[in-house]
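S.K.: Below you'll find model-v5.pdb; it's PDB, C-alpha atoms.
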```
ATOM      1  CA  GLY A   1       0.000   0.000   0.000  1.00  0.00           C
ATOM      2  CA  ASP A   2       0.870   3.656  -0.130  1.00  0.00           C
ATOM      3  CA  SER A   3       3.057   5.150   2.566  1.00  0.00           C
ATOM      4  CA  VAL A   4       4.454   8.497   3.669  1.00  0.00           C
ATOM      5  CA  VAL A   5       7.512   8.812   5.892  1.00  0.00           C
ATOM      6  CA  GLN A   6       8.401  12.170   7.396  1.00  0.00           C
ATOM      7  CA  THR A   7      10.747  13.566  10.028  1.00  0.00           C
ATOM      8  CA  GLU A   8       9.563  12.058  13.277  1.00  0.00           C
ATOM      9  CA  GLY A   9       9.022  13.691  16.615  1.00  0.00           C
ATOM     10  CA  GLN A  10       9.780  17.295  17.318  1.00  0.00           C
ATOM     11  CA  VAL A  11      11.951  19.886  15.595  1.00  0.00           C
ATOM     12  CA  LEU A  12      13.238  22.775  17.741  1.00  0.00           C
ATOM     13  CA  PRO A  13      14.759  25.548  15.616  1.00  0.00           C
ATOM     14  CA  SER A  14      15.349  29.040  16.938  1.00  0.00           C
ATOM     15  CA  GLU A  15      13.511  31.974  15.401  1.00  0.00           C
ATOM     16  CA  GLY A  16      15.294  32.982  12.214  1.00  0.00           C
ATOM     17  CA  ASP A  17      16.793  29.537  11.585  1.00  0.00           C
ATOM     18  CA  SER A  18      16.248  27.734   8.311  1.00  0.00           C
ATOM     19  CA  LEU A  19      14.082  24.628   8.310  1.00  0.00           C
ATOM     20  CA  ILE A  20      13.798  21.375   6.407  1.00  0.00           C
ATOM     21  CA  VAL A  21      11.211  18.749   7.317  1.00  0.00           C
ATOM     22  CA  ASN A  22      11.777  15.629   5.281  1.00  0.00           C
ATOM     23  CA  CYS A  23       8.982  13.751   3.543  1.00  0.00           C
ATOM     24  CA  SER A  24       9.348  10.675   1.354  1.00  0.00           C
ATOM     25  CA  TYR A  25       6.515   8.779  -0.208  1.00  0.00           C
ATOM     26  CA  GLU A  26       5.884   5.402  -1.747  1.00  0.00           C
ATOM     27  CA  THR A  27       3.093   4.532  -4.154  1.00  0.00           C
ATOM     28  CA  THR A  28       2.606   2.673  -7.406  1.00  0.00           C
ATOM     29  CA  GLN A  29       0.344   5.460  -8.658  1.00  0.00           C
ATOM     30  CA  TYR A  30       1.003   9.051  -9.701  1.00  0.00           C
ATOM     31  CA  PRO A  31       0.071  11.013  -6.577  1.00  0.00           C
ATOM     32  CA  SER A  32      -0.709  14.567  -5.668  1.00  0.00           C
ATOM     33  CA  LEU A  33       1.265  15.766  -2.637  1.00  0.00           C
ATOM     34  CA  PHE A  34       0.225  17.956   0.254  1.00  0.00           C
ATOM     35  CA  TRP A  35       1.430  19.468   3.483  1.00  0.00           C
ATOM     36  CA  TYR A  36      -1.207  20.044   6.137  1.00  0.00           C
ATOM     37  CA  VAL A  37      -0.735  22.072   9.340  1.00  0.00           C
ATOM     38  CA  GLN A  38      -2.558  21.429  12.589  1.00  0.00           C
ATOM     39  CA  TYR A  39      -2.768  23.780  15.556  1.00  0.00           C
ATOM     40  CA  PRO A  40      -3.683  22.484  19.039  1.00  0.00           C
ATOM     41  CA  GLY A  41      -7.339  21.548  19.377  1.00  0.00           C
ATOM     42  CA  GLU A  42      -8.106  22.153  15.713  1.00  0.00           C
ATOM     43  CA  GLY A  43      -8.470  20.102  12.569  1.00  0.00           C
ATOM     44  CA  PRO A  44      -5.684  20.098   9.962  1.00  0.00           C
ATOM     45  CA  GLN A  45      -5.593  22.854   7.365  1.00  0.00           C
ATOM     46  CA  LEU A  46      -4.134  22.633   3.893  1.00  0.00           C
ATOM     47  CA  HIS A  47      -0.760  24.371   3.959  1.00  0.00           C
ATOM     48  CA  LEU A  48       0.506  23.803   0.423  1.00  0.00           C
ATOM     49  CA  LYS A  49       0.172  21.368  -2.426  1.00  0.00           C
ATOM     50  CA  ALA A  50       1.800  20.133  -5.626  1.00  0.00           C
ATOM     51  CA  MET A  51      -0.215  18.234  -8.181  1.00  0.00           C
ATOM     52  CA  LYS A  52       2.517  16.919 -10.484  1.00  0.00           C
ATOM     53  CA  ALA A  53       6.255  16.340 -10.724  1.00  0.00           C
ATOM     54  CA  ASN A  54       8.453  19.459 -10.555  1.00  0.00           C
ATOM     55  CA  ASP A  55       5.601  21.561  -9.191  1.00  0.00           C
ATOM     56  CA  LYS A  56       6.520  23.694  -6.187  1.00  0.00           C
ATOM     57  CA  GLY A  57       3.966  24.414  -3.496  1.00  0.00           C
ATOM     58  CA  ARG A  58       4.335  27.715  -1.664  1.00  0.00           C
ATOM     59  CA  ASN A  59       2.621  29.316   1.306  1.00  0.00           C
ATOM     60  CA  LYS A  60       3.682  31.852   3.965  1.00  0.00           C
ATOM     61  CA  GLY A  61       7.362  31.493   3.116  1.00  0.00           C
ATOM     62  CA  PHE A  62       7.263  27.692   3.099  1.00  0.00           C
ATOM     63  CA  GLU A  63       8.085  25.749  -0.038  1.00  0.00           C
ATOM     64  CA  ALA A  64       8.015  22.105  -1.089  1.00  0.00           C
ATOM     65  CA  MET A  65       9.152  20.683  -4.413  1.00  0.00           C
ATOM     66  CA  TYR A  66       7.505  17.572  -5.881  1.00  0.00           C
ATOM     67  CA  ARG A  67      10.509  15.441  -6.812  1.00  0.00           C
ATOM     68  CA  LYS A  68       9.460  12.276  -8.615  1.00  0.00           C
ATOM     69  CA  GLU A  69      13.002  10.987  -9.118  1.00  0.00           C
ATOM     70  CA  THR A  70      13.649  10.885  -5.379  1.00  0.00           C
ATOM     71  CA  THR A  71       9.978  10.430  -4.340  1.00  0.00           C
ATOM     72  CA  SER A  72      10.291  13.326  -1.939  1.00  0.00           C
ATOM     73  CA  PHE A  73       8.343  16.435  -0.935  1.00  0.00           C
ATOM     74  CA  HIS A  74      10.465  18.124   1.725  1.00  0.00           C
ATOM     75  CA  LEU A  75       9.082  21.191   3.478  1.00  0.00           C
ATOM     76  CA  GLU A  76      11.521  24.118   3.621  1.00  0.00           C
ATOM     77  CA  LYS A  77      11.619  27.642   4.975  1.00  0.00           C
ATOM     78  CA  ASP A  78      14.518  30.109   5.036  1.00  0.00           C
ATOM     79  CA  SER A  79      13.646  31.792   8.315  1.00  0.00           C
ATOM     80  CA  VAL A  80      11.100  30.346  10.743  1.00  0.00           C
ATOM     81  CA  GLN A  81       8.979  32.423  13.096  1.00  0.00           C
ATOM     82  CA  GLU A  82       7.433  31.547  16.422  1.00  0.00           C
ATOM     83  CA  SER A  83       3.987  31.692  14.803  1.00  0.00           C
ATOM     84  CA  ASP A  84       5.013  28.753  12.568  1.00  0.00           C
ATOM     85  CA  SER A  85       4.901  26.434  15.580  1.00  0.00           C
ATOM     86  CA  ALA A  86       2.404  23.640  14.872  1.00  0.00           C
ATOM     87  CA  VAL A  87       2.236  20.009  13.757  1.00  0.00           C
ATOM     88  CA  TYR A  88       2.882  19.454  10.062  1.00  0.00           C
ATOM     89  CA  PHE A  89       1.615  16.415   8.151  1.00  0.00           C
ATOM     90  CA  CYS A  90       2.855  15.315   4.760  1.00  0.00           C
ATOM     91  CA  ALA A  91       0.233  13.504   2.679  1.00  0.00           C
ATOM     92  CA  LEU A  92      -0.325  11.964  -0.711  1.00  0.00           C
ATOM     93  CA  SER A  93      -3.509  11.445  -2.673  1.00  0.00           C
ATOM     94  CA  ALA A  94      -3.541   8.620  -5.189  1.00  0.00           C
ATOM     95  CA  PRO A  95      -6.144   6.684  -7.173  1.00  0.00           C
ATOM     96  CA  PHE A  96      -7.851   3.858  -5.366  1.00  0.00           C
ATOM     97  CA  SER A  97     -10.267   1.225  -6.475  1.00  0.00           C
ATOM     98  CA  GLY A  98     -13.559   2.403  -7.904  1.00  0.00           C
ATOM     99  CA  GLY A  99     -12.044   5.561  -9.344  1.00  0.00           C
ATOM    100  CA  TYR A 100     -11.753   7.275  -5.979  1.00  0.00           C
ATOM    101  CA  GLN A 101      -8.751   8.928  -4.440  1.00  0.00           C
ATOM    102  CA  LYS A 102      -7.297   7.812  -1.139  1.00  0.00           C
ATOM    103  CA  VAL A 103      -5.186  10.049   1.069  1.00  0.00           C
ATOM    104  CA  THR A 104      -2.310   8.698   3.128  1.00  0.00           C
ATOM    105  CA  PHE A 105      -0.818  10.831   5.908  1.00  0.00           C
ATOM    106  CA  GLY A 106       2.597  10.799   7.481  1.00  0.00           C
ATOM    107  CA  ILE A 107       2.945  10.576  11.234  1.00  0.00           C
ATOM    108  CA  GLY A 108       3.321  14.311  11.708  1.00  0.00           C
ATOM    109  CA  THR A 109       6.227  16.527  12.761  1.00  0.00           C
ATOM    110  CA  LYS A 110       5.882  18.949  15.621  1.00  0.00           C
ATOM    111  CA  LEU A 111       7.614  22.235  14.902  1.00  0.00           C
ATOM    112  CA  GLN A 112       8.360  24.248  18.028  1.00  0.00           C
ATOM    113  CA  VAL A 113      10.175  27.476  17.232  1.00  0.00           C
ATOM    114  CA  ILE A 114      12.200  28.876  20.113  1.00  0.00           C
ATOM    115  CA  PRO A 115      11.823  32.663  20.391  1.00  0.00           C
TER     116      PRO A 115
ATOM    117  CA  GLY B   1     -14.429  29.297   0.865  1.00  0.00           C
ATOM    118  CA  ALA B   2     -14.198  25.541   1.490  1.00  0.00           C
ATOM    119  CA  VAL B   3     -15.368  25.561   5.088  1.00  0.00           C
ATOM    120  CA  VAL B   4     -16.257  22.386   6.936  1.00  0.00           C
ATOM    121  CA  SER B   5     -17.997  22.491  10.286  1.00  0.00           C
ATOM    122  CA  GLN B   6     -18.469  19.841  12.934  1.00  0.00           C
ATOM    123  CA  HIS B   7     -20.962  19.651  15.748  1.00  0.00           C
ATOM    124  CA  PRO B   8     -20.544  19.309  18.616  1.00  0.00           C
ATOM    125  CA  SER B   9     -16.994  20.507  19.190  1.00  0.00           C
ATOM    126  CA  TRP B  10     -16.812  18.432  22.354  1.00  0.00           C
ATOM    127  CA  VAL B  11     -19.090  15.949  24.081  1.00  0.00           C
ATOM    128  CA  ILE B  12     -18.992  13.945  27.286  1.00  0.00           C
ATOM    129  CA  CYS B  13     -21.192  10.875  27.495  1.00  0.00           C
ATOM    130  CA  LYS B  14     -21.690   7.902  29.775  1.00  0.00           C
ATOM    131  CA  SER B  15     -20.518   4.442  28.882  1.00  0.00           C
ATOM    132  CA  GLY B  16     -23.158   2.513  26.942  1.00  0.00           C
ATOM    133  CA  THR B  17     -24.820   5.518  25.352  1.00  0.00           C
ATOM    134  CA  SER B  18     -24.633   6.578  21.706  1.00  0.00           C
ATOM    135  CA  VAL B  19     -23.273   9.842  20.362  1.00  0.00           C
ATOM    136  CA  LYS B  20     -23.867  11.454  16.974  1.00  0.00           C
ATOM    137  CA  ILE B  21     -21.358  13.831  15.380  1.00  0.00           C
ATOM    138  CA  GLU B  22     -22.324  15.971  12.387  1.00  0.00           C
ATOM    139  CA  CYS B  23     -20.043  17.135   9.615  1.00  0.00           C
ATOM    140  CA  ARG B  24     -21.189  19.789   7.167  1.00  0.00           C
ATOM    141  CA  SER B  25     -19.595  21.380   4.134  1.00  0.00           C
ATOM    142  CA  LEU B  26     -20.821  24.956   4.304  1.00  0.00           C
ATOM    143  CA  ASP B  27     -19.976  26.423   0.908  1.00  0.00           C
ATOM    144  CA  PHE B  28     -19.418  23.494  -1.423  1.00  0.00           C
ATOM    145  CA  GLN B  29     -20.940  20.153  -2.254  1.00  0.00           C
ATOM    146  CA  ALA B  30     -18.921  17.259  -0.937  1.00  0.00           C
ATOM    147  CA  THR B  31     -19.082  14.162  -3.073  1.00  0.00           C
ATOM    148  CA  THR B  32     -16.843  12.404  -0.608  1.00  0.00           C
ATOM    149  CA  MET B  33     -16.458  12.798   3.122  1.00  0.00           C
ATOM    150  CA  PHE B  34     -13.957  11.125   5.389  1.00  0.00           C
ATOM    151  CA  TRP B  35     -13.902  10.345   9.076  1.00  0.00           C
ATOM    152  CA  TYR B  36     -10.647  10.230  10.995  1.00  0.00           C
ATOM    153  CA  ARG B  37      -9.677   9.455  14.527  1.00  0.00           C
ATOM    154  CA  GLN B  38      -6.669  11.031  16.179  1.00  0.00           C
ATOM    155  CA  PHE B  39      -5.043  10.005  19.442  1.00  0.00           C
ATOM    156  CA  PRO B  40      -2.875  12.472  21.369  1.00  0.00           C
ATOM    157  CA  LYS B  41       0.388  13.256  19.587  1.00  0.00           C
ATOM    158  CA  GLN B  42      -0.426  10.816  16.811  1.00  0.00           C
ATOM    159  CA  SER B  43      -1.322  11.016  13.173  1.00  0.00           C
ATOM    160  CA  LEU B  44      -4.737  10.839  11.593  1.00  0.00           C
ATOM    161  CA  MET B  45      -6.205   7.373  11.315  1.00  0.00           C
ATOM    162  CA  LEU B  46      -8.736   7.041   8.509  1.00  0.00           C
ATOM    163  CA  MET B  47     -11.832   5.264   9.774  1.00  0.00           C
ATOM    164  CA  ALA B  48     -14.088   5.345   6.739  1.00  0.00           C
ATOM    165  CA  THR B  49     -14.844   7.011   3.440  1.00  0.00           C
ATOM    166  CA  SER B  50     -18.392   7.911   2.568  1.00  0.00           C
ATOM    167  CA  ASN B  51     -19.861   8.940  -0.756  1.00  0.00           C
ATOM    168  CA  GLU B  52     -23.196  10.662  -0.944  1.00  0.00           C
ATOM    169  CA  GLY B  53     -26.045   8.227  -1.312  1.00  0.00           C
ATOM    170  CA  SER B  54     -24.005   5.066  -0.887  1.00  0.00           C
ATOM    171  CA  LYS B  55     -22.681   2.965   1.969  1.00  0.00           C
ATOM    172  CA  ALA B  56     -19.489   3.969   3.661  1.00  0.00           C
ATOM    173  CA  THR B  57     -16.274   2.085   3.031  1.00  0.00           C
ATOM    174  CA  TYR B  58     -14.612   1.214   6.322  1.00  0.00           C
ATOM    175  CA  GLU B  59     -10.919   0.736   6.853  1.00  0.00           C
ATOM    176  CA  GLN B  60      -9.650  -2.583   8.110  1.00  0.00           C
ATOM    177  CA  GLY B  61     -10.130  -2.968  11.834  1.00  0.00           C
ATOM    178  CA  VAL B  62     -12.911  -0.381  12.139  1.00  0.00           C
ATOM    179  CA  GLU B  63     -16.207  -1.857  13.345  1.00  0.00           C
ATOM    180  CA  LYS B  64     -18.957  -0.708  11.030  1.00  0.00           C
ATOM    181  CA  ASP B  65     -21.680  -1.633  13.531  1.00  0.00           C
ATOM    182  CA  LYS B  66     -20.047   0.498  16.183  1.00  0.00           C
ATOM    183  CA  PHE B  67     -19.236   3.524  14.047  1.00  0.00           C
ATOM    184  CA  LEU B  68     -22.309   4.181  11.921  1.00  0.00           C
ATOM    185  CA  ILE B  69     -21.767   6.611   9.080  1.00  0.00           C
ATOM    186  CA  ASN B  70     -24.486   8.244   7.044  1.00  0.00           C
ATOM    187  CA  HIS B  71     -23.913  10.590   4.104  1.00  0.00           C
ATOM    188  CA  ALA B  72     -27.461  11.504   3.215  1.00  0.00           C
ATOM    189  CA  SER B  73     -26.765  14.696   1.294  1.00  0.00           C
ATOM    190  CA  LEU B  74     -23.936  16.451  -0.488  1.00  0.00           C
ATOM    191  CA  THR B  75     -23.374  18.704   2.499  1.00  0.00           C
ATOM    192  CA  LEU B  76     -23.924  16.471   5.511  1.00  0.00           C
ATOM    193  CA  SER B  77     -22.364  13.325   6.915  1.00  0.00           C
ATOM    194  CA  THR B  78     -22.901  11.914  10.397  1.00  0.00           C
ATOM    195  CA  LEU B  79     -20.871   9.570  12.554  1.00  0.00           C
ATOM    196  CA  THR B  80     -22.689   7.765  15.353  1.00  0.00           C
ATOM    197  CA  VAL B  81     -20.615   6.047  17.989  1.00  0.00           C
ATOM    198  CA  THR B  82     -22.917   3.353  19.350  1.00  0.00           C
ATOM    199  CA  SER B  83     -22.667   1.892  22.846  1.00  0.00           C
ATOM    200  CA  ALA B  84     -19.659   4.050  23.577  1.00  0.00           C
ATOM    201  CA  HIS B  85     -16.925   2.857  25.918  1.00  0.00           C
ATOM    202  CA  PRO B  86     -14.019   4.766  27.495  1.00  0.00           C
ATOM    203  CA  GLU B  87     -11.640   3.402  24.855  1.00  0.00           C
ATOM    204  CA  ASP B  88     -13.704   5.256  22.227  1.00  0.00           C
ATOM    205  CA  SER B  89     -12.620   8.543  23.771  1.00  0.00           C
ATOM    206  CA  SER B  90     -10.689  10.383  21.107  1.00  0.00           C
ATOM    207  CA  PHE B  91     -10.571  13.367  18.765  1.00  0.00           C
ATOM    208  CA  TYR B  92     -12.783  12.695  15.739  1.00  0.00           C
ATOM    209  CA  ILE B  93     -12.185  14.766  12.625  1.00  0.00           C
ATOM    210  CA  CYS B  94     -14.144  14.808   9.409  1.00  0.00           C
ATOM    211  CA  SER B  95     -13.026  16.090   6.052  1.00  0.00           C
ATOM    212  CA  ALA B  96     -14.768  16.742   2.775  1.00  0.00           C
ATOM    213  CA  ARG B  97     -13.694  16.811  -0.828  1.00  0.00           C
ATOM    214  CA  PRO B  98     -15.624  18.421  -3.684  1.00  0.00           C
ATOM    215  CA  GLY B  99     -15.008  15.711  -6.277  1.00  0.00           C
ATOM    216  CA  GLN B 100     -13.470  12.335  -6.932  1.00  0.00           C
ATOM    217  CA  GLY B 101     -10.280  13.673  -8.420  1.00  0.00           C
ATOM    218  CA  PRO B 102      -7.029  14.614  -6.702  1.00  0.00           C
ATOM    219  CA  TYR B 103      -8.586  17.509  -4.864  1.00  0.00           C
ATOM    220  CA  GLU B 104      -7.366  18.524  -1.460  1.00  0.00           C
ATOM    221  CA  GLN B 105      -9.461  17.665   1.539  1.00  0.00           C
ATOM    222  CA  TYR B 106     -10.943  20.326   3.772  1.00  0.00           C
ATOM    223  CA  PHE B 107     -11.017  19.393   7.413  1.00  0.00           C
ATOM    224  CA  GLY B 108     -13.508  20.204  10.103  1.00  0.00           C
ATOM    225  CA  PRO B 109     -12.362  21.543  13.476  1.00  0.00           C
ATOM    226  CA  GLY B 110     -12.758  18.171  15.167  1.00  0.00           C
ATOM    227  CA  THR B 111     -14.924  16.777  17.962  1.00  0.00           C
ATOM    228  CA  ARG B 112     -13.446  15.776  21.295  1.00  0.00           C
ATOM    229  CA  LEU B 113     -15.359  12.756  22.648  1.00  0.00           C
ATOM    230  CA  THR B 114     -14.911  11.717  26.254  1.00  0.00           C
ATOM    231  CA  VAL B 115     -16.698   8.595  27.481  1.00  0.00           C
ATOM    232  CA  THR B 116     -16.945   8.249  31.237  1.00  0.00           C
TER     233      THR B 116
END
```
If you took the structure in this file and wrote it as structure tokens, what would it be?

M.R.:
Amino acid sequence: GDSVVQTEGQVLPSEGDSLIVNCSYETTQYPSLFWYVQYPGEGPQLHLKAMKANDKGRNKGFEAMYRKETTSFHLEKDSVQESDSAVYFCALSAPFSGGYQKVTFGIGTKLQVIP
Amino acid sequence: GAVVSQHPSWVICKSGTSVKIECRSLDFQATTMFWYRQFPKQSLMLMATSNEGSKATYEQGVEKDKFLINHASLTLSTLTVTSAHPEDSSFYICSARPGQGPYEQYFGPGTRLTVT
């Protein structure tokens, strides 16, 4: 089945540091890729997306490049802010039986920016 | 746009009772809705996928008789936890998608269920 593996646990950069949260995926299909962000007590929100290879998703200074050759979709930011602190989920959406799309989520990475 | 609401946002119930959670897409028609369960500090676990007007497809290990899902219209899906037990306590999140293609999902704010 499909799988998504991302940086586990917690990441603790200081404000102004650069950030990379790794995400690798595995599927036999041609997926769309997403990063979702979740704040405490809330549901996840779409953060950015890339629908095909070599697309780059961008939002609030974050970027992620859809790299088919390395099956990766790493989340990057040049300079993190305290307000970026949240849990980030990498996800893929790929065709499933019956013509539907199924979404597979990674385990989530908690970003805690130190002021 | 693309707002999904859930009701209630939190509920406390006694063991053995049933609880219904509603999920609504407020400004779009959701062909497909999903129900997830999330334990503290863990990822989202897909429970079932429901398409309007048809039976839900449950993931392996999810009891369909315990977690009843109804998707009666293009804007409303309900999850009923029947004969709830303390181990059913969790954060339940729904999401909705406007079509069958590779569209992103829009998540509701979640419902915190506590069974005493």

S.K.: What lies within 9 Å of Arg112 in chain B using only C-alpha atoms, ignoring chain neighbours under 6 positions off, as a CSV table (one decimal) with C-alpha atoms, in the coordinates of the input?

M.R.:
```
chain,number,residue,atom,x,y,z
A,41,GLY,CA,-7.3,21.5,19.4
B,8,PRO,CA,-20.5,19.3,18.6
B,9,SER,CA,-17.0,20.5,19.2
B,10,TRP,CA,-16.8,18.4,22.4
B,11,VAL,CA,-19.1,15.9,24.1
B,12,ILE,CA,-19.0,13.9,27.3
B,89,SER,CA,-12.6,8.5,23.8
B,90,SER,CA,-10.7,10.4,21.1
B,91,PHE,CA,-10.6,13.4,18.8
B,92,TYR,CA,-12.8,12.7,15.7
B,93,ILE,CA,-12.2,14.8,12.6
```

S.K.: Compile the contact shell of Phe34 in chain A as a ChimeraX atom specification: residues with an atom at most 8 Å away, counting all atoms listed in the file, same-chain residues fewer than 6 positions apart removed.

M.R.: /A:46-50,90-92 /B:104

S.K.: Once you add 5 Å to each side, what are the centre and edge lengths of the axis-aligned box holding all listed atoms of range 49-57 of chain A? One decimal in Å, as lines of an AutoDock Vina configuration file, if you can.

M.R.:
```
center_x = 4.1
center_y = 20.4
center_z = -6.6
size_x = 18.7
size_y = 18.1
size_z = 18.3
```

S.K.: Report the closest atom pair, with its distance in Å rounded to one decimal, for each residue of range 15-45 of chain A that has an atom no farther than 8 Å from range 81-87 of chain A; count all atoms listed in the file, sort by chain and then rising residue number, and write it as a Markdown table.

M.R.:
```
| residue | atom | partner | partner_atom | distance |
| --- | --- | --- | --- | --- |
| A:Glu15 | CA | A:Gln81 | CA | 5.1 |
| A:Gly16 | CA | A:Gln81 | CA | 6.4 |
| A:Val37 | CA | A:Val87 | CA | 5.7 |
| A:Gln38 | CA | A:Val87 | CA | 5.1 |
| A:Tyr39 | CA | A:Ala86 | CA | 5.2 |
| A:Pro40 | CA | A:Ala86 | CA | 7.5 |
```

S.K.: What's the 6 Å shell around range 105-107 of chain A, counting all atoms listed in the file, without same-chain residues fewer than 2 positions away, as a VMD selection string?

M.R.: (chain A and resid 4 to 6 89 to 91) or (chain B and resid 43)

S.K.: Considering all atoms listed in the file, extract the chain B residues located within 12 Å of chain A and return them as number ranges by chain.

M.R.: B: 2-6, 9-10, 31-51, 57, 59, 90-112

S.K.: Let me know the residues the PyMOL selection byres ((chain A and resi 56) around 12) catches in the file above, as a PyMOL selection string.

M.R.: chain A and resi 32-35+48-55+57-59+62-67+72-76

S.K.: So that I can check the surroundings of Asp88 in chain B, please list as a list in words every protein, DNA and RNA residue that reaches within 10 Å of it, counting only C-alpha atoms and ignoring chain neighbours fewer than 3 positions away.

M.R.: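 So, after excluding close chain neighbours, the residues are Ser15, Arg37, Lys66, Val81, Thr82, Ser83, Ala84, His85, Phe91, Tyr92, Leu113, Thr114 and Val115 of chain B.
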
S.K.: Any chance you can output those residues with C-alpha atoms as a tab-separated table (two decimals), in the frame of the given file?

M.R.:
```tsv
chain	number	residue	atom	x	y	z
B	15	SER	CA	-20.52	4.44	28.88
B	37	ARG	CA	-9.68	9.46	14.53
B	66	LYS	CA	-20.05	0.50	16.18
B	81	VAL	CA	-20.62	6.05	17.99
B	82	THR	CA	-22.92	3.35	19.35
B	83	SER	CA	-22.67	1.89	22.85
B	84	ALA	CA	-19.66	4.05	23.58
B	85	HIS	CA	-16.92	2.86	25.92
B	91	PHE	CA	-10.57	13.37	18.76
B	92	TYR	CA	-12.78	12.70	15.74
B	113	LEU	CA	-15.36	12.76	22.65
B	114	THR	CA	-14.91	11.72	26.25
B	115	VAL	CA	-16.70	8.60	27.48
```

S.K.: At what distance in Å, to one decimal, does CA of Asp27 in chain B lie from CA of Phe96 in chain A?

M.R.: 26.4 Å

S.K.: Hey, can you check how far CA of Lys68 in chain A sits from CA of Ser18 in chain A?

M.R.: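 Straight-line distance from CA of Lys68 in chain A to CA of Ser18 in chain A works out to 23.9 Å.
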
S.K.: Pick from B:Lys64, B:Lys55, B:Arg24, B:Lys14: nearest to Thr80 in chain B, with all atoms listed in the file counted?

M.R.: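 Closest candidate: B:Lys64.
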